[in-house]
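Visitor: What follows is the file coords.txt, containing compact mmCIF, N, CA and C atoms:
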# COMPACT_ATOMS: atom_id res chain seq x y z
N MET J 508 14.71 -28.72 -7.44
CA MET J 508 15.14 -27.58 -8.23
C MET J 508 16.59 -27.79 -8.67
N THR J 509 16.87 -27.30 -9.85
CA THR J 509 18.24 -27.38 -10.34
C THR J 509 19.07 -26.26 -9.72
N ALA J 510 20.39 -26.37 -9.83
CA ALA J 510 21.27 -25.32 -9.32
C ALA J 510 20.99 -23.99 -10.02
N THR J 511 20.72 -24.05 -11.30
CA THR J 511 20.41 -22.83 -12.05
C THR J 511 19.13 -22.18 -11.53
N GLU J 512 18.10 -22.97 -11.29
CA GLU J 512 16.85 -22.43 -10.76
C GLU J 512 17.06 -21.81 -9.38
N ILE J 513 17.85 -22.45 -8.55
CA ILE J 513 18.14 -21.90 -7.22
C ILE J 513 18.86 -20.56 -7.35
N LEU J 514 19.82 -20.48 -8.25
CA LEU J 514 20.53 -19.21 -8.47
C LEU J 514 19.59 -18.13 -8.98
N TYR J 515 18.65 -18.48 -9.85
CA TYR J 515 17.65 -17.52 -10.31
C TYR J 515 16.87 -16.94 -9.12
N VAL J 516 16.41 -17.82 -8.24
CA VAL J 516 15.63 -17.38 -7.09
C VAL J 516 16.47 -16.47 -6.19
N LEU J 517 17.70 -16.86 -5.93
CA LEU J 517 18.58 -16.04 -5.08
C LEU J 517 18.80 -14.66 -5.69
N ALA J 518 19.10 -14.61 -6.98
CA ALA J 518 19.38 -13.34 -7.64
C ALA J 518 18.14 -12.45 -7.72
N VAL J 519 17.01 -13.03 -8.08
CA VAL J 519 15.78 -12.25 -8.20
C VAL J 519 15.35 -11.72 -6.82
N HIS J 520 15.48 -12.55 -5.81
CA HIS J 520 15.14 -12.09 -4.45
C HIS J 520 16.05 -10.93 -4.05
N TRP J 521 17.34 -11.05 -4.27
CA TRP J 521 18.28 -9.98 -3.92
C TRP J 521 17.92 -8.68 -4.62
N LEU J 522 17.64 -8.78 -5.92
CA LEU J 522 17.26 -7.59 -6.69
C LEU J 522 16.00 -6.95 -6.11
N ALA J 523 14.97 -7.75 -5.89
CA ALA J 523 13.68 -7.21 -5.45
C ALA J 523 13.69 -6.74 -3.99
N ASP J 524 14.40 -7.45 -3.13
CA ASP J 524 14.34 -7.14 -1.70
C ASP J 524 15.38 -6.11 -1.26
N PHE J 525 16.46 -5.98 -2.01
CA PHE J 525 17.51 -5.04 -1.61
C PHE J 525 17.69 -3.91 -2.61
N VAL J 526 17.99 -4.24 -3.85
CA VAL J 526 18.30 -3.21 -4.85
C VAL J 526 17.09 -2.30 -5.08
N LEU J 527 15.91 -2.87 -5.21
CA LEU J 527 14.72 -2.08 -5.53
C LEU J 527 13.97 -1.56 -4.30
N GLN J 528 14.49 -1.82 -3.11
CA GLN J 528 13.88 -1.27 -1.90
C GLN J 528 14.51 0.10 -1.64
N SER J 529 13.70 1.12 -1.77
CA SER J 529 14.21 2.48 -1.57
C SER J 529 14.52 2.74 -0.10
N ASP J 530 15.24 3.81 0.14
CA ASP J 530 15.55 4.22 1.50
C ASP J 530 14.26 4.48 2.28
N ALA J 531 13.29 5.13 1.63
CA ALA J 531 12.01 5.41 2.29
C ALA J 531 11.29 4.11 2.67
N MET J 532 11.31 3.13 1.79
CA MET J 532 10.70 1.83 2.11
C MET J 532 11.40 1.18 3.29
N ALA J 533 12.74 1.14 3.22
CA ALA J 533 13.52 0.47 4.26
C ALA J 533 13.30 1.11 5.63
N LYS J 534 13.26 2.43 5.66
CA LYS J 534 13.08 3.13 6.94
C LYS J 534 11.62 3.16 7.37
N GLY J 535 10.70 3.22 6.43
CA GLY J 535 9.29 3.38 6.77
C GLY J 535 8.53 2.11 7.06
N LYS J 536 9.00 0.97 6.56
CA LYS J 536 8.21 -0.26 6.67
C LYS J 536 8.03 -0.75 8.10
N SER J 537 8.88 -0.30 9.02
CA SER J 537 8.74 -0.76 10.40
C SER J 537 7.69 0.03 11.18
N THR J 538 7.24 1.15 10.62
CA THR J 538 6.26 1.97 11.34
C THR J 538 5.03 2.33 10.50
N SER J 539 5.07 2.03 9.21
CA SER J 539 4.00 2.46 8.32
C SER J 539 3.48 1.30 7.48
N TYR J 540 2.18 1.04 7.61
CA TYR J 540 1.58 0.01 6.75
C TYR J 540 1.72 0.39 5.28
N ARG J 541 1.66 1.67 5.01
CA ARG J 541 1.78 2.15 3.62
C ARG J 541 3.13 1.78 3.03
N TRP J 542 4.22 2.11 3.74
CA TRP J 542 5.55 1.81 3.21
C TRP J 542 5.82 0.31 3.17
N LEU J 543 5.32 -0.41 4.16
CA LEU J 543 5.47 -1.86 4.16
C LEU J 543 4.77 -2.45 2.94
N THR J 544 3.55 -2.00 2.67
CA THR J 544 2.78 -2.53 1.55
C THR J 544 3.40 -2.13 0.21
N ILE J 545 3.90 -0.90 0.10
CA ILE J 545 4.57 -0.48 -1.14
C ILE J 545 5.80 -1.35 -1.39
N HIS J 546 6.60 -1.56 -0.35
CA HIS J 546 7.79 -2.42 -0.50
C HIS J 546 7.39 -3.83 -0.94
N VAL J 547 6.42 -4.42 -0.25
CA VAL J 547 6.05 -5.80 -0.53
C VAL J 547 5.36 -5.94 -1.88
N ALA J 548 4.56 -4.97 -2.27
CA ALA J 548 3.92 -5.01 -3.59
C ALA J 548 4.97 -4.93 -4.69
N THR J 549 5.95 -4.05 -4.52
CA THR J 549 7.05 -3.96 -5.49
C THR J 549 7.80 -5.28 -5.55
N TYR J 550 8.14 -5.80 -4.38
CA TYR J 550 8.86 -7.06 -4.29
C TYR J 550 8.10 -8.19 -4.98
N ALA J 551 6.83 -8.37 -4.60
CA ALA J 551 6.04 -9.48 -5.15
C ALA J 551 5.86 -9.36 -6.65
N ALA J 552 5.66 -8.15 -7.15
CA ALA J 552 5.49 -7.96 -8.60
C ALA J 552 6.78 -8.31 -9.34
N VAL J 553 7.90 -7.81 -8.87
CA VAL J 553 9.18 -8.06 -9.54
C VAL J 553 9.54 -9.54 -9.48
N VAL J 554 9.44 -10.13 -8.29
CA VAL J 554 9.78 -11.55 -8.14
C VAL J 554 8.87 -12.41 -9.01
N SER J 555 7.59 -12.14 -8.97
CA SER J 555 6.63 -12.95 -9.74
C SER J 555 6.87 -12.83 -11.24
N LEU J 556 7.07 -11.61 -11.72
CA LEU J 556 7.28 -11.43 -13.17
C LEU J 556 8.61 -12.03 -13.64
N LEU J 557 9.67 -11.78 -12.91
CA LEU J 557 10.97 -12.31 -13.34
C LEU J 557 11.01 -13.84 -13.25
N LEU J 558 10.47 -14.39 -12.17
CA LEU J 558 10.49 -15.84 -12.06
C LEU J 558 9.51 -16.49 -13.04
N ALA J 559 8.46 -15.78 -13.45
CA ALA J 559 7.56 -16.30 -14.48
C ALA J 559 8.29 -16.46 -15.80
N VAL J 560 9.23 -15.56 -16.07
CA VAL J 560 10.02 -15.65 -17.30
C VAL J 560 11.09 -16.74 -17.16
N LEU J 561 11.76 -16.75 -16.00
CA LEU J 561 12.87 -17.69 -15.80
C LEU J 561 12.43 -19.11 -15.49
N LEU J 562 11.31 -19.24 -14.78
CA LEU J 562 10.79 -20.55 -14.37
C LEU J 562 9.31 -20.62 -14.73
N PRO J 563 9.00 -20.80 -16.00
CA PRO J 563 7.60 -20.72 -16.46
C PRO J 563 6.66 -21.66 -15.71
N ARG J 564 5.51 -21.13 -15.39
CA ARG J 564 4.43 -21.88 -14.75
C ARG J 564 3.13 -21.46 -15.44
N SER J 565 2.05 -22.12 -15.10
CA SER J 565 0.74 -21.76 -15.67
C SER J 565 0.31 -20.40 -15.13
N PRO J 566 -0.63 -19.74 -15.81
CA PRO J 566 -1.14 -18.46 -15.30
C PRO J 566 -1.71 -18.57 -13.88
N TRP J 567 -2.41 -19.67 -13.60
CA TRP J 567 -2.98 -19.84 -12.25
C TRP J 567 -1.87 -19.99 -11.22
N ALA J 568 -0.85 -20.74 -11.57
CA ALA J 568 0.28 -20.92 -10.66
C ALA J 568 0.97 -19.58 -10.41
N LEU J 569 1.10 -18.77 -11.44
CA LEU J 569 1.71 -17.44 -11.29
C LEU J 569 0.88 -16.58 -10.35
N LEU J 570 -0.43 -16.61 -10.49
CA LEU J 570 -1.30 -15.83 -9.62
C LEU J 570 -1.18 -16.31 -8.17
N ILE J 571 -1.23 -17.61 -7.97
CA ILE J 571 -1.08 -18.16 -6.62
C ILE J 571 0.28 -17.79 -6.05
N PHE J 572 1.32 -17.89 -6.87
CA PHE J 572 2.66 -17.53 -6.42
C PHE J 572 2.73 -16.06 -6.03
N ALA J 573 2.17 -15.18 -6.84
CA ALA J 573 2.21 -13.74 -6.56
C ALA J 573 1.48 -13.41 -5.26
N VAL J 574 0.29 -13.96 -5.09
CA VAL J 574 -0.50 -13.69 -3.88
C VAL J 574 0.18 -14.30 -2.66
N GLY J 575 0.64 -15.54 -2.79
CA GLY J 575 1.33 -16.20 -1.68
C GLY J 575 2.61 -15.48 -1.29
N THR J 576 3.36 -15.03 -2.28
CA THR J 576 4.60 -14.30 -2.02
C THR J 576 4.30 -12.98 -1.32
N PHE J 577 3.29 -12.27 -1.81
CA PHE J 577 2.91 -11.00 -1.18
C PHE J 577 2.54 -11.23 0.29
N ALA J 578 1.67 -12.19 0.54
CA ALA J 578 1.19 -12.43 1.91
C ALA J 578 2.33 -12.86 2.84
N ALA J 579 3.13 -13.81 2.40
CA ALA J 579 4.22 -14.31 3.23
C ALA J 579 5.26 -13.23 3.50
N HIS J 580 5.61 -12.46 2.48
CA HIS J 580 6.62 -11.42 2.64
C HIS J 580 6.08 -10.30 3.54
N TRP J 581 4.82 -9.93 3.36
CA TRP J 581 4.23 -8.86 4.19
C TRP J 581 4.24 -9.26 5.66
N LEU J 582 3.78 -10.48 5.95
CA LEU J 582 3.74 -10.94 7.34
C LEU J 582 5.13 -11.03 7.95
N THR J 583 6.06 -11.57 7.19
CA THR J 583 7.44 -11.68 7.68
C THR J 583 8.02 -10.31 7.96
N ASP J 584 7.93 -9.40 6.99
CA ASP J 584 8.51 -8.07 7.18
C ASP J 584 7.77 -7.26 8.23
N TYR J 585 6.48 -7.50 8.40
CA TYR J 585 5.75 -6.81 9.47
C TYR J 585 6.42 -7.08 10.81
N VAL J 586 6.76 -8.33 11.05
CA VAL J 586 7.39 -8.72 12.32
C VAL J 586 8.87 -8.34 12.34
N THR J 587 9.62 -8.78 11.34
CA THR J 587 11.07 -8.61 11.39
C THR J 587 11.50 -7.15 11.27
N SER J 588 10.78 -6.33 10.53
CA SER J 588 11.20 -4.93 10.41
C SER J 588 11.04 -4.20 11.74
N ARG J 589 10.06 -4.58 12.52
CA ARG J 589 9.87 -3.96 13.83
C ARG J 589 10.95 -4.43 14.82
N ILE J 590 11.26 -5.71 14.77
CA ILE J 590 12.34 -6.23 15.61
C ILE J 590 13.67 -5.57 15.21
N ASN J 591 13.92 -5.51 13.91
CA ASN J 591 15.19 -4.93 13.44
C ASN J 591 15.31 -3.45 13.78
N ALA J 592 14.22 -2.71 13.66
CA ALA J 592 14.25 -1.28 13.99
C ALA J 592 14.60 -1.09 15.47
N GLU J 593 14.02 -1.92 16.31
CA GLU J 593 14.31 -1.81 17.75
C GLU J 593 15.76 -2.21 18.04
N LEU J 594 16.26 -3.26 17.43
CA LEU J 594 17.65 -3.67 17.63
C LEU J 594 18.61 -2.58 17.16
N TRP J 595 18.30 -1.97 16.02
CA TRP J 595 19.14 -0.89 15.49
C TRP J 595 19.10 0.32 16.43
N ARG J 596 17.90 0.65 16.92
CA ARG J 596 17.76 1.78 17.84
C ARG J 596 18.59 1.58 19.11
N ARG J 597 18.64 0.33 19.59
CA ARG J 597 19.41 0.01 20.79
C ARG J 597 20.91 -0.07 20.53
N GLY J 598 21.30 -0.07 19.27
CA GLY J 598 22.72 -0.21 18.94
C GLY J 598 23.21 -1.64 19.05
N SER J 599 22.29 -2.58 18.99
CA SER J 599 22.63 -4.00 19.10
C SER J 599 22.96 -4.55 17.71
N THR J 600 24.11 -4.15 17.21
CA THR J 600 24.49 -4.44 15.82
C THR J 600 24.53 -5.93 15.51
N HIS J 601 25.14 -6.71 16.40
CA HIS J 601 25.24 -8.16 16.15
C HIS J 601 23.85 -8.78 15.99
N TRP J 602 22.95 -8.51 16.94
CA TRP J 602 21.62 -9.13 16.89
C TRP J 602 20.78 -8.55 15.77
N PHE J 603 21.04 -7.30 15.40
CA PHE J 603 20.38 -6.73 14.23
C PHE J 603 20.70 -7.56 12.99
N PHE J 604 21.98 -7.85 12.77
CA PHE J 604 22.36 -8.63 11.58
C PHE J 604 21.94 -10.09 11.68
N VAL J 605 21.92 -10.63 12.89
CA VAL J 605 21.37 -11.99 13.07
C VAL J 605 19.92 -12.00 12.63
N SER J 606 19.17 -10.99 13.04
CA SER J 606 17.76 -10.90 12.70
C SER J 606 17.55 -10.68 11.20
N VAL J 607 18.36 -9.82 10.59
CA VAL J 607 18.27 -9.61 9.13
C VAL J 607 18.56 -10.93 8.41
N GLY J 608 19.54 -11.66 8.88
CA GLY J 608 19.85 -12.95 8.27
C GLY J 608 18.70 -13.93 8.39
N TRP J 609 18.06 -13.98 9.56
CA TRP J 609 16.91 -14.87 9.75
C TRP J 609 15.75 -14.45 8.85
N ASP J 610 15.54 -13.15 8.71
CA ASP J 610 14.52 -12.63 7.80
C ASP J 610 14.76 -13.17 6.38
N GLN J 611 16.00 -13.18 5.96
CA GLN J 611 16.33 -13.67 4.62
C GLN J 611 16.09 -15.19 4.50
N VAL J 612 16.44 -15.93 5.53
CA VAL J 612 16.16 -17.37 5.53
C VAL J 612 14.66 -17.62 5.37
N LEU J 613 13.86 -16.87 6.08
CA LEU J 613 12.40 -17.03 5.96
C LEU J 613 11.91 -16.71 4.55
N HIS J 614 12.42 -15.63 3.97
CA HIS J 614 12.01 -15.27 2.60
C HIS J 614 12.41 -16.36 1.60
N TYR J 615 13.63 -16.86 1.69
CA TYR J 615 14.05 -17.91 0.77
C TYR J 615 13.21 -19.17 0.95
N ALA J 616 12.95 -19.54 2.20
CA ALA J 616 12.13 -20.73 2.46
C ALA J 616 10.75 -20.57 1.84
N GLN J 617 10.16 -19.38 1.98
CA GLN J 617 8.83 -19.14 1.41
C GLN J 617 8.85 -19.27 -0.10
N LEU J 618 9.86 -18.68 -0.73
CA LEU J 618 9.95 -18.74 -2.20
C LEU J 618 10.14 -20.18 -2.67
N PHE J 619 11.07 -20.90 -2.07
CA PHE J 619 11.33 -22.28 -2.50
C PHE J 619 10.12 -23.17 -2.23
N PHE J 620 9.48 -22.98 -1.09
CA PHE J 620 8.29 -23.78 -0.78
C PHE J 620 7.19 -23.55 -1.81
N LEU J 621 6.89 -22.28 -2.09
CA LEU J 621 5.83 -21.98 -3.06
C LEU J 621 6.15 -22.52 -4.44
N LEU J 622 7.38 -22.34 -4.88
CA LEU J 622 7.76 -22.83 -6.21
C LEU J 622 7.67 -24.35 -6.30
N GLU J 623 8.12 -25.03 -5.28
CA GLU J 623 8.05 -26.50 -5.29
C GLU J 623 6.61 -26.97 -5.18
N TRP J 624 5.81 -26.32 -4.36
CA TRP J 624 4.40 -26.70 -4.19
C TRP J 624 3.66 -26.52 -5.51
N LEU J 625 3.96 -25.45 -6.23
CA LEU J 625 3.28 -25.21 -7.50
C LEU J 625 3.77 -26.13 -8.61
N ARG J 626 4.95 -26.67 -8.45
CA ARG J 626 5.49 -27.61 -9.45
C ARG J 626 4.74 -28.95 -9.40
N SER J 627 4.27 -29.31 -8.20
CA SER J 627 3.62 -30.63 -8.04
C SER J 627 2.20 -30.65 -8.56
Is it possible to express this structure as structure tokens?

Guide:
Amino acid sequence: MTATEILYVLAVHWLADFVLQSDAMAKGKSTSYRWLTIHVATYAAVVSLLLAVLLPRSPWALLIFAVGTFAAHWLTDYVTSRINAELWRRGSTHWFFVSVGWDQVLHYAQLFFLLEWLRS
């Protein structure tokens, strides 16, 4: 991937995972399948559509990317949101942010892996 493509992925992920995640999604996803799914569906749709414009792929590749992104993000957030909620509840601020950071590493790895896999 080029530096520009990497920056696109970073920016689109930030927009979809942080800016467009409502307070209700952020608070509810650790205890509610509904809020988790709403967050991840919003995320996957935004990421897939924006990256389809910025990094064009075939329609099949876009579909695979959208489904793969949804599944990977849902599974990751299912686990990490529960861990993070418990760390926050305990007041373990340092480990909460360590965990949030690891969550982001996993999301970026998933995005880059899928994009590179679909390029081949």

Visitor: From the options J:Ala533, J:Ile545, J:Val516, J:Ala523, which residue's atoms come nearest to J:Leu621, counting only C-alpha atoms?

Guide: J:Val516

Visitor: Please measure the separation of atom CA of J:Val605 and atom C of J:His580, giving the value in Å to one decimal.

Guide: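 Taking atom CA of J:Val605 as the start and atom C of J:His580 as the end point, the length is 18.1 Å.
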
Visitor: Please report, as a tab-separated table, each residue of stretch 533-589 of chain J lying at most 8 Å from stretch 609-613 of chain J, together with the nearest pair of atoms and the separation in Å rounded to one decimal; use only N, CA and C atoms, and order rows by chain and ascending residue number.

Guide:
residue	atom	partner	partner_atom	distance
J:Ala579	C	J:Leu613	C	7.6
J:His580	CA	J:Leu613	C	7.7
J:Thr583	C	J:Asp610	CA	6.9
J:Asp584	N	J:Asp610	CA	7.4
J:Thr587	CA	J:Asp610	CA	6.4
J:Ser588	N	J:Asp610	CA	7.8

Visitor: Need to verify the contact set: J:Thr576, 8 Å, all atoms listed in the file, exclusion of same-chain residues closer than 3 positions in sequence. Can you return it as a PyMOL selection string?

Guide: chain J and resi 547+550-552+555+570-573+579-582+617-618+621

Visitor: Here is a test: counting all atoms listed in the file, which residue of J:Arg589, J:Ala578, J:Arg564, J:Val607 is nearest to J:Arg626?

Guide: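 Once distances to J:Arg626 are computed over all atoms listed in the file, the minimum belongs to J:Arg564.
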
Visitor: Point out the residue among J:Phe619, J:Tyr585, J:Trp521, J:Asn591 with the least atom-to-atom distance to J:Ser539, counting only C-alpha atoms.

Guide: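 Nearest to J:Ser539: J:Tyr585.
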